[in-house]
Structures are given as C-alpha cells and as structure tokens.
file entry_10.cif (mmCIF, C-alpha atoms and all ligand atoms)
data_work
loop_
_atom_site.label_atom_id
_atom_site.label_comp_id
_atom_site.auth_asym_id
_atom_site.auth_seq_id
_atom_site.Cartn_x
_atom_site.Cartn_y
_atom_site.Cartn_z
CA MET H 937 -14.04 0.46 -22.52
CA SER H 938 -13.36 -1.98 -25.29
CA ILE H 939 -9.79 -1.93 -26.47
CA ALA H 940 -8.94 -3.47 -29.83
CA HIS H 941 -5.24 -2.62 -30.26
CA HIS H 942 -2.78 -3.88 -27.66
CA LEU H 943 0.92 -4.02 -26.85
CA ASP H 944 3.25 -6.15 -28.94
CA GLU H 945 4.46 -9.24 -27.03
CA ALA H 946 8.06 -8.12 -27.45
CA THR H 947 7.07 -4.88 -25.69
CA LEU H 948 5.55 -6.87 -22.81
CA VAL H 949 8.89 -8.68 -22.43
CA ARG H 950 10.77 -5.36 -22.52
CA TYR H 951 8.42 -3.89 -19.90
CA ALA H 952 8.73 -6.92 -17.62
CA SER H 953 12.50 -7.16 -17.91
CA GLY H 954 12.98 -3.44 -17.31
CA ASP H 955 14.17 -2.43 -20.78
CA LEU H 956 12.10 0.67 -21.52
CA ASP H 957 13.32 4.20 -21.11
CA GLU H 958 11.20 6.73 -19.27
CA ALA H 959 9.29 7.98 -22.32
CA PHE H 960 8.18 4.52 -23.44
CA LEU H 961 7.61 3.33 -19.88
CA VAL H 962 5.09 6.12 -19.30
CA VAL H 963 3.17 5.26 -22.48
CA VAL H 964 3.21 1.51 -21.79
CA ALA H 965 2.22 1.91 -18.12
CA THR H 966 -0.59 4.28 -19.10
CA HIS H 967 -1.95 1.66 -21.50
CA LEU H 968 -1.58 -1.02 -18.81
CA ALA H 969 -3.56 1.16 -16.42
CA MET H 970 -6.37 1.31 -18.99
CA CYS H 971 -6.21 -2.28 -20.24
CA ASP H 972 -6.96 -5.31 -18.06
CA ARG H 973 -5.84 -7.73 -20.74
CA CYS H 974 -2.34 -6.26 -21.16
CA ARG H 975 -1.99 -5.78 -17.39
CA LYS H 976 -2.52 -9.51 -16.94
CA ALA H 977 -0.19 -10.22 -19.84
CA ALA H 978 2.49 -8.00 -18.28
CA HIS H 979 2.24 -9.92 -15.01
CA ASP H 980 2.58 -13.13 -17.01
CA ALA H 981 5.73 -11.75 -18.64
CA GLU H 982 7.06 -11.03 -15.14
CA GLU H 983 6.78 -14.77 -14.46
CA LEU H 984 9.71 -15.27 -16.81
CA GLY H 985 11.75 -13.02 -14.53
CA GLY H 986 10.46 -14.88 -11.48
CA GLU H 987 11.69 -18.10 -12.96
CA MET H 988 15.09 -16.57 -13.75
CA LEU H 989 15.30 -15.38 -10.14
CA PHE H 990 14.26 -18.81 -8.90
CA ALA H 991 16.91 -20.47 -11.06
CA CYS H 992 19.76 -18.17 -9.94
CA GLU H 993 22.59 -19.90 -8.12
CA PRO H 994 22.30 -18.16 -4.72
CA ALA H 995 25.08 -15.72 -3.80
CA ASP H 996 26.25 -15.53 -0.19
CA LEU H 997 24.94 -12.60 1.77
CA GLY H 998 26.90 -10.83 4.46
CA ALA H 999 26.52 -12.32 7.95
CA ASN H 1000 24.61 -9.30 9.23
CA ALA H 1001 22.26 -8.94 6.30
CA LEU H 1002 19.15 -10.03 8.17
CA SER H 1003 19.81 -8.08 11.36
CA SER H 1004 20.62 -4.88 9.50
CA LEU H 1005 17.44 -5.37 7.47
CA TRP H 1006 15.38 -5.52 10.68
CA ASN H 1007 17.18 -2.44 11.95
CA ARG H 1008 16.27 -0.56 8.80
CA ILE H 1009 12.66 -1.73 8.91
CA GLU H 1010 12.31 -0.70 12.54
CA GLY H 1011 14.02 2.61 11.84
CA ALA H 1012 11.48 3.24 9.09
CA GLY H 1013 8.43 2.62 11.22
CA GLY H 1014 8.46 -1.15 11.55
CA GLN H 1015 5.21 -2.93 12.20
CA ALA H 1016 2.83 -0.12 11.45
CA ASP H 1017 4.40 0.72 8.13
CA ILE H 1018 2.48 -1.36 5.66
CA ALA H 1019 1.28 0.00 2.38
CA ARG H 1020 -2.17 -1.29 1.52
CA PRO H 1021 -4.55 -0.27 -1.19
CA ALA H 1022 -7.47 1.53 0.41
CA ALA H 1023 -9.95 -0.04 -1.96
CA LYS H 1024 -9.89 -1.60 -5.35
CA ARG H 1025 -9.37 1.27 -7.72
CA SER H 1026 -11.20 1.38 -10.96
CA SER H 1027 -9.04 1.34 -14.07
CA ARG H 1028 -10.18 4.73 -15.14
CA ARG H 1029 -12.43 7.40 -13.79
CA VAL H 1030 -14.26 9.55 -16.28
CA GLY H 1031 -12.29 12.65 -17.23
CA ASP H 1032 -9.29 11.57 -15.20
CA LEU H 1033 -6.03 10.35 -16.60
CA PRO H 1034 -4.46 7.06 -15.50
CA PRO H 1035 -1.89 7.47 -12.67
CA PRO H 1036 1.32 7.02 -14.72
CA LEU H 1037 0.30 9.89 -17.02
CA ASN H 1038 -1.51 11.94 -14.40
CA ARG H 1039 1.69 12.15 -12.41
CA LYS H 1040 3.50 13.54 -15.46
CA ILE H 1041 1.07 16.24 -16.45
CA GLY H 1042 -0.74 16.78 -13.17
CA GLY H 1043 -4.30 17.28 -14.18
CA ARG H 1044 -6.99 16.60 -16.64
CA LEU H 1045 -7.11 16.46 -20.40
CA ASP H 1046 -8.95 19.77 -20.52
CA ALA H 1047 -6.20 21.56 -18.55
CA ILE H 1048 -3.24 20.83 -20.80
CA PRO H 1049 -1.26 23.86 -22.00
CA TRP H 1050 -1.36 23.00 -25.70
CA ARG H 1051 0.89 24.70 -28.21
CA ARG H 1052 -0.48 25.06 -31.72
CA ILE H 1053 1.97 23.66 -34.26
CA ALA H 1054 -0.06 23.43 -37.47
CA PRO H 1055 -3.63 24.05 -38.57
CA GLY H 1056 -5.76 21.63 -36.56
CA VAL H 1057 -2.79 20.23 -34.62
CA LYS H 1058 -1.62 21.06 -31.08
CA LYS H 1059 1.24 19.54 -29.14
CA HIS H 1060 2.35 19.37 -25.52
CA VAL H 1061 5.85 18.13 -24.80
CA ILE H 1062 6.20 16.20 -21.53
CA ARG H 1063 9.54 16.59 -19.82
CA THR H 1064 11.24 13.41 -18.75
CA ASP H 1065 13.16 13.30 -15.46
CA THR H 1066 15.99 11.25 -16.91
CA ALA H 1067 18.21 12.00 -19.86
CA THR H 1068 16.90 10.03 -22.81
CA SER H 1069 17.06 10.38 -26.55
CA SER H 1070 13.37 9.47 -26.75
CA ALA H 1071 10.63 12.05 -26.89
CA LEU H 1072 7.38 11.99 -24.92
CA TYR H 1073 4.53 14.26 -25.91
CA MET H 1074 0.80 14.61 -26.40
CA LEU H 1075 -0.97 15.52 -29.62
CA TRP H 1076 -4.36 17.12 -30.17
CA VAL H 1077 -5.66 16.66 -33.71
CA ALA H 1078 -8.86 18.32 -34.90
CA PRO H 1079 -11.78 16.34 -36.34
CA GLY H 1080 -11.43 15.61 -40.04
CA VAL H 1081 -7.67 16.17 -40.16
CA ALA H 1082 -5.90 13.53 -42.24
CA VAL H 1083 -2.22 12.84 -41.79
CA PRO H 1084 -0.34 12.33 -45.06
CA GLU H 1085 0.97 8.82 -45.65
CA HIS H 1086 4.26 8.23 -43.88
CA GLY H 1087 6.58 5.64 -42.35
CA HIS H 1088 8.33 5.59 -38.97
CA GLY H 1089 12.06 5.94 -38.40
CA GLY H 1090 12.26 3.86 -35.25
CA SER H 1091 10.07 2.63 -32.41
CA GLU H 1092 6.95 4.67 -31.90
CA MET H 1093 3.99 4.18 -29.63
CA THR H 1094 0.77 6.14 -29.85
CA LEU H 1095 -1.85 5.70 -27.14
CA ILE H 1096 -5.29 7.19 -27.78
CA LEU H 1097 -6.67 9.04 -24.76
CA SER H 1098 -9.75 10.55 -26.32
CA GLY H 1099 -11.38 10.67 -29.75
CA ALA H 1100 -10.36 8.28 -32.51
CA TYR H 1101 -8.48 7.88 -35.76
CA ARG H 1102 -8.63 5.34 -38.54
CA ASP H 1103 -5.83 4.01 -40.73
CA GLU H 1104 -4.87 0.89 -42.67
CA LEU H 1105 -4.65 -1.04 -39.38
CA GLY H 1106 -8.17 -0.17 -38.30
CA LEU H 1107 -9.96 2.16 -35.92
CA PHE H 1108 -8.04 3.41 -32.87
CA GLY H 1109 -10.17 4.69 -29.99
CA PRO H 1110 -9.58 5.50 -26.30
CA GLY H 1111 -7.20 3.01 -24.71
CA ASP H 1112 -5.99 1.62 -28.03
CA ILE H 1113 -2.24 1.66 -28.59
CA ALA H 1114 -0.41 1.65 -31.90
CA ASP H 1115 2.76 -0.19 -30.94
CA LEU H 1116 4.12 -0.04 -34.44
CA ASP H 1117 6.96 -1.76 -36.09
CA GLU H 1118 9.41 0.63 -37.68
CA HIS H 1119 8.45 -0.65 -41.12
CA VAL H 1120 4.75 0.21 -40.97
CA GLU H 1121 3.47 2.85 -43.38
CA HIS H 1122 0.05 4.33 -42.87
CA GLN H 1123 -2.25 7.30 -43.33
CA PRO H 1124 -4.28 8.07 -40.19
CA CYS H 1125 -7.38 10.23 -40.34
CA VAL H 1126 -9.24 11.58 -37.31
CA GLU H 1127 -12.63 9.90 -37.12
CA GLY H 1128 -15.87 11.36 -35.78
CA ASP H 1129 -16.53 14.93 -34.63
CA GLU H 1130 -14.28 14.95 -31.57
CA PRO H 1131 -10.58 15.87 -31.63
CA CYS H 1132 -8.20 12.95 -31.23
CA ILE H 1133 -5.91 13.30 -28.22
CA CYS H 1134 -3.00 10.90 -27.91
CA LEU H 1135 0.14 10.24 -25.92
CA VAL H 1136 3.22 9.48 -28.00
CA ALA H 1137 6.74 8.18 -27.41
CA THR H 1138 9.31 8.07 -30.21
CA ASP H 1139 12.93 7.03 -30.06
CA THR H 1140 14.28 8.48 -33.27
CA PRO H 1141 12.89 11.71 -34.62
CA LEU H 1142 11.54 11.12 -38.10
CA ARG H 1143 13.16 13.47 -40.59
CA PHE H 1144 11.68 14.15 -43.98
CA ALA H 1145 13.57 16.33 -46.41
CA GLY H 1146 12.20 19.53 -47.91
CA LEU H 1147 8.95 21.38 -47.57
CA LEU H 1148 6.86 18.21 -47.46
CA GLY H 1149 8.94 17.06 -44.52
CA ARG H 1150 8.36 20.25 -42.59
CA LEU H 1151 4.65 19.87 -43.17
CA LEU H 1152 4.76 16.27 -41.98
CA GLN H 1153 6.87 16.97 -38.92
CA PRO H 1154 3.95 17.85 -36.64
CA PHE H 1155 2.30 14.52 -37.37
CA ILE H 1156 5.12 12.30 -36.28
CA GLY H 1157 3.81 9.78 -33.84
CA ILE H 1158 0.45 9.17 -35.40
CA MET P 1182 27.45 -17.64 9.05
CA ALA P 1183 26.75 -16.65 5.51
CA LEU P 1184 23.27 -17.30 4.20
CA GLY P 1185 22.74 -19.03 0.91
CA ALA P 1186 24.34 -22.36 0.31
CA THR P 1187 22.43 -24.20 3.02
CA GLN P 1188 18.88 -23.23 2.12
CA VAL P 1189 18.57 -24.09 -1.54
CA LYS P 1190 15.22 -25.20 -2.85
CA THR P 1191 15.18 -26.56 -6.33
CA LEU P 1192 12.65 -26.38 -9.10
CA GLY P 1193 11.91 -30.03 -8.43
CA GLN P 1194 10.30 -29.06 -5.15
CA LEU P 1195 7.30 -27.47 -6.70
CA ASP P 1196 5.36 -27.27 -3.48
CA GLY P 1197 7.94 -24.59 -2.78
CA GLU P 1198 5.85 -21.96 -4.49
CA LYS P 1199 2.79 -22.92 -2.48
CA ASP P 1200 4.82 -22.40 0.66
CA PHE P 1201 5.96 -19.02 -0.60
CA ALA P 1202 2.45 -17.77 -1.31
CA ALA P 1203 1.37 -18.93 2.14
CA LEU P 1204 4.44 -17.19 3.63
CA MET P 1205 3.56 -13.96 1.84
CA ILE P 1206 0.05 -14.08 3.30
CA ARG P 1207 1.63 -14.38 6.74
CA VAL P 1208 4.01 -11.51 5.96
CA ARG P 1209 0.95 -9.41 5.22
CA GLU P 1210 -0.13 -10.16 8.76
CA ARG P 1211 3.31 -8.92 9.93
CA ASP P 1212 4.67 -12.39 10.70
CA ARG P 1213 8.42 -11.96 11.18
CA ALA P 1214 9.31 -15.64 11.00
CA ALA P 1215 7.57 -15.95 7.62
CA PHE P 1216 9.44 -12.86 6.39
CA GLU P 1217 12.76 -14.34 7.49
CA GLU P 1218 12.02 -17.57 5.64
CA LEU P 1219 11.37 -15.62 2.46
CA PHE P 1220 14.54 -13.61 3.00
CA VAL P 1221 16.65 -16.72 3.51
CA HIS P 1222 15.38 -18.18 0.27
CA PHE P 1223 15.15 -15.15 -2.00
CA GLY P 1224 17.75 -12.78 -0.53
CA PRO P 1225 20.76 -14.70 -1.90
CA ARG P 1226 19.01 -15.06 -5.26
CA VAL P 1227 18.22 -11.36 -5.52
CA LYS P 1228 21.89 -10.70 -4.81
CA ALA P 1229 22.92 -13.21 -7.49
CA LEU P 1230 20.57 -11.54 -9.98
CA MET P 1231 22.10 -8.14 -9.24
CA LEU P 1232 25.63 -9.50 -9.65
CA LYS P 1233 24.63 -10.92 -13.03
CA SER P 1234 23.22 -7.52 -13.99
CA GLY P 1235 26.65 -6.02 -13.48
CA SER P 1236 26.49 -4.50 -10.01
CA GLY P 1237 29.33 -4.97 -7.50
CA HIS P 1238 28.96 -6.86 -4.22
CA ALA P 1239 28.30 -3.81 -2.06
CA MET P 1240 25.67 -2.45 -4.44
CA ALA P 1241 24.06 -5.89 -4.76
CA GLU P 1242 23.82 -6.23 -0.96
CA ASP P 1243 22.38 -2.75 -0.80
CA ILE P 1244 19.71 -3.62 -3.36
CA VAL P 1245 18.84 -6.79 -1.44
CA GLN P 1246 18.12 -4.59 1.58
CA ASP P 1247 15.97 -2.22 -0.51
CA VAL P 1248 14.08 -5.11 -2.06
CA PHE P 1249 13.22 -6.70 1.28
CA MET P 1250 12.29 -3.37 2.84
CA ALA P 1251 9.80 -3.14 -0.02
CA VAL P 1252 8.64 -6.75 0.40
CA TRP P 1253 7.83 -5.97 4.04
CA ARG P 1254 6.28 -2.58 3.37
CA LYS P 1255 4.33 -3.52 0.24
CA ALA P 1256 3.23 -6.98 1.31
CA GLY P 1257 -0.35 -5.68 1.19
CA TYR P 1258 -0.07 -5.42 -2.57
CA PHE P 1259 0.92 -9.02 -3.10
CA SER P 1260 -1.95 -10.92 -4.64
CA PRO P 1261 -1.71 -14.66 -5.32
CA GLY P 1262 -4.42 -14.22 -7.95
CA ARG P 1263 -2.00 -12.19 -10.04
CA GLY P 1264 1.15 -14.28 -10.04
CA THR P 1265 3.77 -16.15 -8.10
CA VAL P 1266 5.88 -14.87 -5.24
CA SER P 1267 9.03 -15.25 -7.35
CA ALA P 1268 7.54 -13.04 -10.08
CA TRP P 1269 6.49 -10.46 -7.48
CA ILE P 1270 9.92 -10.35 -5.85
CA PHE P 1271 11.54 -10.26 -9.29
CA SER P 1272 9.45 -7.21 -10.17
CA ILE P 1273 10.47 -5.44 -6.96
CA ALA P 1274 14.13 -6.28 -7.64
CA ARG P 1275 13.78 -5.00 -11.21
CA ASN P 1276 12.36 -1.73 -9.85
CA SER P 1277 15.23 -1.32 -7.38
CA ARG P 1278 17.68 -1.97 -10.20
CA ILE P 1279 16.01 0.75 -12.28
CA ASP P 1280 15.99 3.21 -9.37
CA LYS P 1281 19.56 2.54 -8.28
CA LEU P 1282 21.51 1.55 -11.36
CA ARG P 1283 19.66 3.49 -14.03
CA ARG P 1284 18.80 6.45 -11.80
CA MET P 1285 15.36 6.46 -13.31
CA SER P 1286 12.10 6.39 -11.39
CA SER P 1287 10.29 3.05 -11.32
CA ARG P 1288 7.15 4.87 -10.20
CA PRO P 1289 5.08 3.85 -13.29
CA TYR P 1290 5.64 0.21 -12.28
CA ASP P 1291 4.42 0.96 -8.77
CA ASP P 1292 1.33 2.63 -10.19
CA ILE P 1293 0.47 -0.59 -11.96
CA MET P 1294 1.22 -2.73 -8.90
CA GLU P 1295 -0.98 -0.54 -6.74
CA MET P 1296 -3.85 -0.52 -9.19
CA GLU P 1297 -4.80 -4.09 -9.39
CA PHE P 1298 -5.57 -5.76 -6.15
CA GLU P 1299 -7.92 -8.56 -6.69
CA SER P 1300 -9.17 -9.69 -3.31
CA PRO P 1301 -8.03 -8.45 0.08
CA GLU P 1302 -8.35 -11.92 1.60
CA PRO P 1303 -6.84 -14.42 -0.82
CA ASP P 1304 -8.50 -17.80 -0.71
CA ALA P 1305 -6.84 -21.17 -0.63
CA GLU P 1306 -7.73 -21.74 -4.27
CA GLN P 1307 -5.69 -18.74 -5.37
CA VAL P 1308 -2.74 -19.83 -3.29
CA LEU P 1309 -2.99 -23.26 -4.85
CA ALA P 1310 -3.17 -21.71 -8.32
CA THR P 1311 0.26 -20.10 -7.80
CA THR P 1312 1.73 -23.57 -7.28
CA GLU P 1313 0.47 -24.73 -10.62
CA ARG P 1314 1.42 -21.44 -12.23
CA ASN P 1315 4.96 -21.83 -11.00
CA SER P 1316 5.30 -25.32 -12.45
CA LYS P 1317 3.81 -24.19 -15.78
CA VAL P 1318 6.35 -21.37 -16.04
CA ALA P 1319 9.15 -23.80 -15.25
CA ASP P 1320 7.80 -26.16 -17.95
CA ALA P 1321 7.61 -23.35 -20.48
CA ILE P 1322 11.23 -22.34 -19.85
CA VAL P 1323 12.50 -25.91 -20.01
CA ASP P 1324 10.73 -26.34 -23.36
CA LEU P 1325 12.22 -23.20 -24.91
CA PRO P 1326 14.70 -23.72 -27.73
CA GLY P 1327 18.18 -22.58 -26.70
CA THR P 1328 18.07 -19.56 -29.01
CA GLN P 1329 14.96 -18.21 -27.26
CA ARG P 1330 16.09 -19.11 -23.77
CA GLU P 1331 19.36 -17.27 -24.34
CA ILE P 1332 17.50 -14.07 -25.16
CA ILE P 1333 15.18 -14.42 -22.17
CA GLU P 1334 18.20 -14.89 -19.90
CA LEU P 1335 20.03 -11.90 -21.32
CA ALA P 1336 16.94 -9.72 -20.94
CA TYR P 1337 15.75 -10.76 -17.48
CA MET P 1338 18.86 -12.04 -15.77
CA HIS P 1339 21.58 -9.88 -17.26
CA ASP P 1340 19.44 -6.75 -17.66
CA MET P 1341 20.36 -6.24 -21.30
CA ALA P 1342 18.33 -4.01 -23.60
CA GLN P 1343 17.02 -5.61 -26.77
CA THR P 1344 19.41 -3.49 -28.84
CA GLU P 1345 22.36 -4.69 -26.69
CA ILE P 1346 21.21 -8.29 -27.12
CA ALA P 1347 21.05 -7.83 -30.89
CA LYS P 1348 24.59 -6.44 -30.91
CA ARG P 1349 25.98 -9.09 -28.60
CA LEU P 1350 24.52 -11.97 -30.61
CA SER P 1351 25.07 -10.27 -33.99
CA LEU P 1352 21.39 -10.62 -34.81
CA PRO P 1353 19.03 -8.18 -36.48
CA LEU P 1354 16.78 -6.41 -33.94
CA GLY P 1355 13.75 -7.99 -35.62
CA THR P 1356 15.08 -11.47 -34.86
CA VAL P 1357 15.56 -10.62 -31.18
CA LYS P 1358 12.00 -9.27 -31.07
CA SER P 1359 10.53 -12.30 -32.76
CA ARG P 1360 12.34 -14.67 -30.39
CA MET P 1361 10.97 -12.65 -27.45
CA ARG P 1362 7.49 -13.00 -28.93
CA LEU P 1363 7.90 -16.75 -29.39
CA ALA P 1364 9.16 -17.25 -25.83
CA TYR P 1365 6.27 -15.21 -24.47
CA ALA P 1366 3.77 -17.13 -26.60
CA LYS P 1367 5.07 -20.41 -25.20
CA LEU P 1368 4.67 -19.11 -21.66
CA LYS P 1369 1.18 -17.83 -22.37
CA LEU P 1370 0.13 -21.19 -23.77
CA LYS P 1371 1.36 -22.97 -20.65
CA LEU P 1372 -0.30 -20.49 -18.32
CA GLU P 1373 -3.60 -20.87 -20.14
CA GLU P 1374 -3.44 -24.61 -19.50
CA ALA P 1375 -3.32 -23.74 -15.81
CA ARG P 1376 -6.37 -21.47 -15.87
ZN ZN G 1401 -3.93 -3.82 -24.04
ZN ZN G 1402 2.51 7.04 -38.05
#

call {"tool": "encode", "arguments": {"input": "entry_10.cif", "output": "structure tokens", "more": "lines below"}}
Ligand SMILES: [Zn+2]
Ligand SMILES: [Zn+2]
result
Amino acid sequence: MSIAHHLDEATLVRYASGDLDEAFLVVVATHLAMCDRCRKAAHDAEELGGEMLFACEPADLGANALSSLWNRIEGAGGQADIARPAAKRSSRRVGDLPPPLNRKIGGRLDAIPWRRIAPGVKKHVIRTDTATSSALYMLWVAPGVAVPEHGHGGSEMTLILSGAYRDELGLFGPGDIADLDEHVEHQPCVEGDEPCICLVATDTPLRFAGLLGRLLQPFIGI
Amino acid sequence: MALGATQVKTLGQLDGEKDFAALMIRVRERDRAAFEELFVHFGPRVKALMLKSGSGHAMAEDIVQDVFMAVWRKAGYFSPGRGTVSAWIFSIARNSRIDKLRRMSSRPYDDIMEMEFESPEPDAEQVLATTERNSKVADAIVDLPGTQREIIELAYMHDMAQTEIAKRLSLPLGTVKSRMRLAYAKLKLKLEEAR
C-alpha cells in the first residue's frame, strides 16, 4: 500500500505525549497500524518523552516498593507470564480492519450497520467509551458524489479505509489521512467506481446556517 | 532505605543507554537482577514524572508499580531496533497515566506496540544503535530554543494538552503547533544522522 498523505508532526507529538482524546486516538492509531512511516515517526516522537523521563530529578520511592512489586508479579503469574508476539503481524490483512478500529466495530467493512443520511451517503457512529466532546464515525460515500466546498470548524481527521476521493490537496486513497488544519477549505469528490469509506474524528461539530447547511451536514469530516 | 538519590546516572554517561538495552534483553529472558537494575534507575524517575503530571504521592507510587508490572510482562515487545529503553518505559508510563488519571483506555497504544516487532533476537548492532540514538535525542533537546523546549516539557513532562499549553503561555494554538513541529523536525534530523 502506498500512502501519500500522513500525520501532521504536531499530531505525532500529541500522540506520543498522550494528548489525544479517544476519538482522535482511534483514528491516529488506525493510521499508524496501516503506515510504517508514521509508526516509525511516532516512536521517534516518543524519544522526546524518553529524554524527559531520563532528565527527571528522581523522586524517592517507598522502602518496600521493590518487594511489593515482586509480590504483585508473583501473584499475577510471575515467571511464566510474559506477553510475546506470536509472529510478526502484517500491517494489514486484506478485508480486515487494523486492530485499533477492529476492536471498536468488531468486524469487517462489509458488515457495518450503515445508516443512510443523504442520497449516496451513509454513516455509522462509533460509540466512545469515555465522555468526550469529539465525534467518531465512519462515512460511506457513493462513487461520483461531490461534496460542496466547505471549511472545517476545528480539528478534523479523515482516514480513508477503502475507495478514494480527490480534492485541492490531491488524491486520498486507502491508508491516506487528511489531518487538516482548521483553516483548510476544500471540495472533495469521490474518485473511481468504488464507494469511498472513511473513518472520521471531529472535535467541534461544523454548523452551517440555513438549508445549505443542512445539506452539508452529512459531509462534515470529508 | 529509600531508592533514588544514590543511583543517579546522568546524560553524560551515554553508555547508560547501551546498558539499559542490554538489561532489557536480559529481562526478556526473565533475569530478575537485570529487572531490579532497571527498576532502581527508572522507578524513581517514573514517580517524578507522575508527580509533575499532577498526581499525588500515593497515586504516583501506584503507577510506578503498574508500569514495572508491564515492563516485566511486556518485555517481549521491547525491540532495540525501534527505540531506546527510556522511550519504551516513557510510553508505558504514559499509557498508565491515561488509564489511571484519564480513565480512558490506552488499548490503541498497545495495539501499535504489539504490531511492530522487528526481530525476536535483537543483534548487538541494534543494541549499539540505541546508544547512539539516545545521545542524538539528548543533542536535539539541548539544541532546542527555549521556547520550543518549554512546550515539549509541558506536553511530555507535565501532561498538558496543546490547548492548555496555549492558554498557559498566552499563545495562539497555531504557534504551539508550529513549535511542536519545529522541535520534532530537529529531533528527526538528529535521528537521521544516526541511521
Ligand atoms: Zn503515515
Ligand atoms: Zn472537509
């Protein structure tokens, strides 16, 4: 899979330092699972945290810290209890979704309970386990559907899972992520004869006024 | 006796990281003495990091225990080809902080950790590479302008969100983001020198 559109460096820092809410974390981790380059970059960003940890003035631990740690380890199975990867997993198996998303929707792209929200557009809202003001959902957009030109109210990330769309920033295919600045305006159009399926996180719902706004509402996130 | 003050290694002792990677390989083989050495070095630092992130002493001690349970249990996922021991322990501490303090699941992070496992038997070259990697990261941080370093510290050490950082420093969000990008770019440049 060749991926052309990657995570913003500021997003890598937010991921590594632990500053993403559940909705954005799922989208970012799903991209990382699909993208070797960003996965390496994310580990690099974790080095900044490693250095901060290294540079911390040590704080005294309680006298029994080590012995109670051994007690807990032995209580939990001790020696035998080591988690090891069975084999090197491939980034993505055909038809399967990457683990961070798979866990959320439990299944395959063809088994998603879509809800039709406009002609040529279906949506599936993914429930988050934690209270967050961000929204996490999937969109299914039919071939040939063009989204009217629009801007974004806040942070939005759109990860393409299948199919493709094209806009002012280029062609977005499977694995590509639009990690867009809030100031970007664009007009995406589904490319090719396959529907475009994407995973979206948004932090502030975009609100257009009037009839035009209600027509645009389903397209938020693309 | 309280651990901490006696066992400080400084950034000047850069062979430290080489020792740590070698220790982690031994921990993977269930070597208790190696695990204790790691604990003596990193335990007090993980606690310090948690205190800086706003947790109380009891919670910080609790997280140290969780972190080292995970270091023992997940040692098989440590790969010197991927990064340094400090970065790996930092990422485990970050996950515990998310689980405990934010009450959010850090499972997506674990998915990524479990995915990439480069070689089951790390070679000496990889272990050596972590030494150089560690010194490059230290160089990159030393070279950062104060305005960028401040933001990196607030994000990684004090667990502040980028929006909180913007508020605290009275900066536009875009400025915080661009300083994060610059700091990351500096790091990337240094790490590429090491590859
Ligand atoms: Zn990428
Ligand atoms: Zn858009």

call {"tool": "interface_residues", "arguments": {"input": "entry_10.cif", "of": "chain P", "to": "chain H", "cutoff": "7 Å", "atoms": "all atoms listed in the file", "output": "PyMOL selection string"}}
result
chain P and resi 1182-1186+1211+1225-1230+1246+1250+1254-1255+1257-1258+1263-1264+1267-1268+1271-1272+1275+1285+1289-1290+1292-1293+1295-1298+1318-1319+1336-1338+1340+1342+1358+1361-1362+1365

call {"tool": "residues_around", "arguments": {"input": "entry_10.cif", "residues": "Val1126 in chain H", "least_positions_apart": "4", "cutoff": "8 Å", "atoms": "all atoms listed in the file", "output": "number ranges by chain"}}
result
H: 1077-1082, 1099-1102, 1131-1132

call {"tool": "residues_near_ligand", "arguments": {"input": "entry_10.cif", "ligand": "ligand ZN 1401 (chain G)", "cutoff": "8 Å", "atoms": "only C-alpha atoms and all ligand atoms", "output": "CSV table (one decimal) with C-alpha atoms, in the frame of the given file"}}
result
chain,number,residue,atom,x,y,z
H,939,ILE,CA,-9.8,-1.9,-26.5
H,940,ALA,CA,-8.9,-3.5,-29.8
H,941,HIS,CA,-5.2,-2.6,-30.3
H,942,HIS,CA,-2.8,-3.9,-27.7
H,943,LEU,CA,0.9,-4.0,-26.8
H,967,HIS,CA,-2.0,1.7,-21.5
H,968,LEU,CA,-1.6,-1.0,-18.8
H,970,MET,CA,-6.4,1.3,-19.0
H,971,CYS,CA,-6.2,-2.3,-20.2
H,972,ASP,CA,-7.0,-5.3,-18.1
H,973,ARG,CA,-5.8,-7.7,-20.7
H,974,CYS,CA,-2.3,-6.3,-21.2
H,975,ARG,CA,-2.0,-5.8,-17.4
H,1111,GLY,CA,-7.2,3.0,-24.7
H,1112,ASP,CA,-6.0,1.6,-28.0
H,1113,ILE,CA,-2.2,1.7,-28.6

call {"tool": "atom_distance", "arguments": {"input": "entry_10.cif", "atom1": "CA of Pro1326 in chain P", "atom2": "CA of Leu1368 in chain P"}}
result
12.6 Å

call {"tool": "residues_around", "arguments": {"input": "entry_10.cif", "residues": "Leu1204 in chain P", "least_positions_apart": "2", "cutoff": "9 Å", "atoms": "only C-alpha atoms", "output": "ChimeraX atom specification"}}
result
/P:1199-1202,1206-1209,1212,1214-1216,1218-1219

call {"tool": "atom_distance", "arguments": {"input": "entry_10.cif", "atom1": "CA of Thr1138 in chain H", "atom2": "CA of Ser1070 in chain H"}}
result
5.5 Å

call {"tool": "residues_around", "arguments": {"input": "entry_10.cif", "residues": "Lys1348 in chain P", "least_positions_apart": "6", "cutoff": "12 Å", "atoms": "only C-alpha atoms", "output": "list in words"}}
result
Ile1332, Leu1335, Met1341, Ala1342, Leu1354, Gly1355, Thr1356 and Val1357 of chain P

call {"tool": "write_last_selection", "arguments": {"input": "entry_10.cif", "atoms": "C-alpha atoms", "output": "compact mmCIF listing (two decimals), in the coordinates of the input"}}
result
# COMPACT_ATOMS: atom_id res chain seq x y z
CA ILE P 1332 17.50 -14.07 -25.16
CA LEU P 1335 20.03 -11.90 -21.32
CA MET P 1341 20.36 -6.24 -21.30
CA ALA P 1342 18.33 -4.01 -23.60
CA LEU P 1354 16.78 -6.41 -33.94
CA GLY P 1355 13.75 -7.99 -35.62
CA THR P 1356 15.08 -11.47 -34.86
CA VAL P 1357 15.56 -10.62 -31.18

call {"tool": "atom_distance", "arguments": {"input": "entry_10.cif", "atom1": "CA of Gly1106 in chain H", "atom2": "CA of Thr1094 in chain H"}}
result
13.8 Å

call {"tool": "residues_around", "arguments": {"input": "entry_10.cif", "residues": "Lys1281 in chain P", "least_positions_apart": "2", "cutoff": "12 Å", "atoms": "all atoms listed in the file", "output": "ChimeraX atom specification"}}
result
/P:1231,1236,1240-1241,1243-1245,1247-1248,1274-1279,1283-1287

call {"tool": "closest_residue", "arguments": {"input": "entry_10.cif", "among": "H:Asn1007, H:Leu1135, H:His1088, H:Pro1110", "to": "ligand ZN 1402 (chain G)", "atoms": "only C-alpha atoms and all ligand atoms"}}
result
H:His1088

call {"tool": "closest_residue", "arguments": {"input": "entry_10.cif", "among": "H:Gly1090, H:Pro1049, H:Gly1109, H:Gly1056", "to": "ligand ZN 1402 (chain G)", "atoms": "only C-alpha atoms and all ligand atoms"}}
result
H:Gly1090
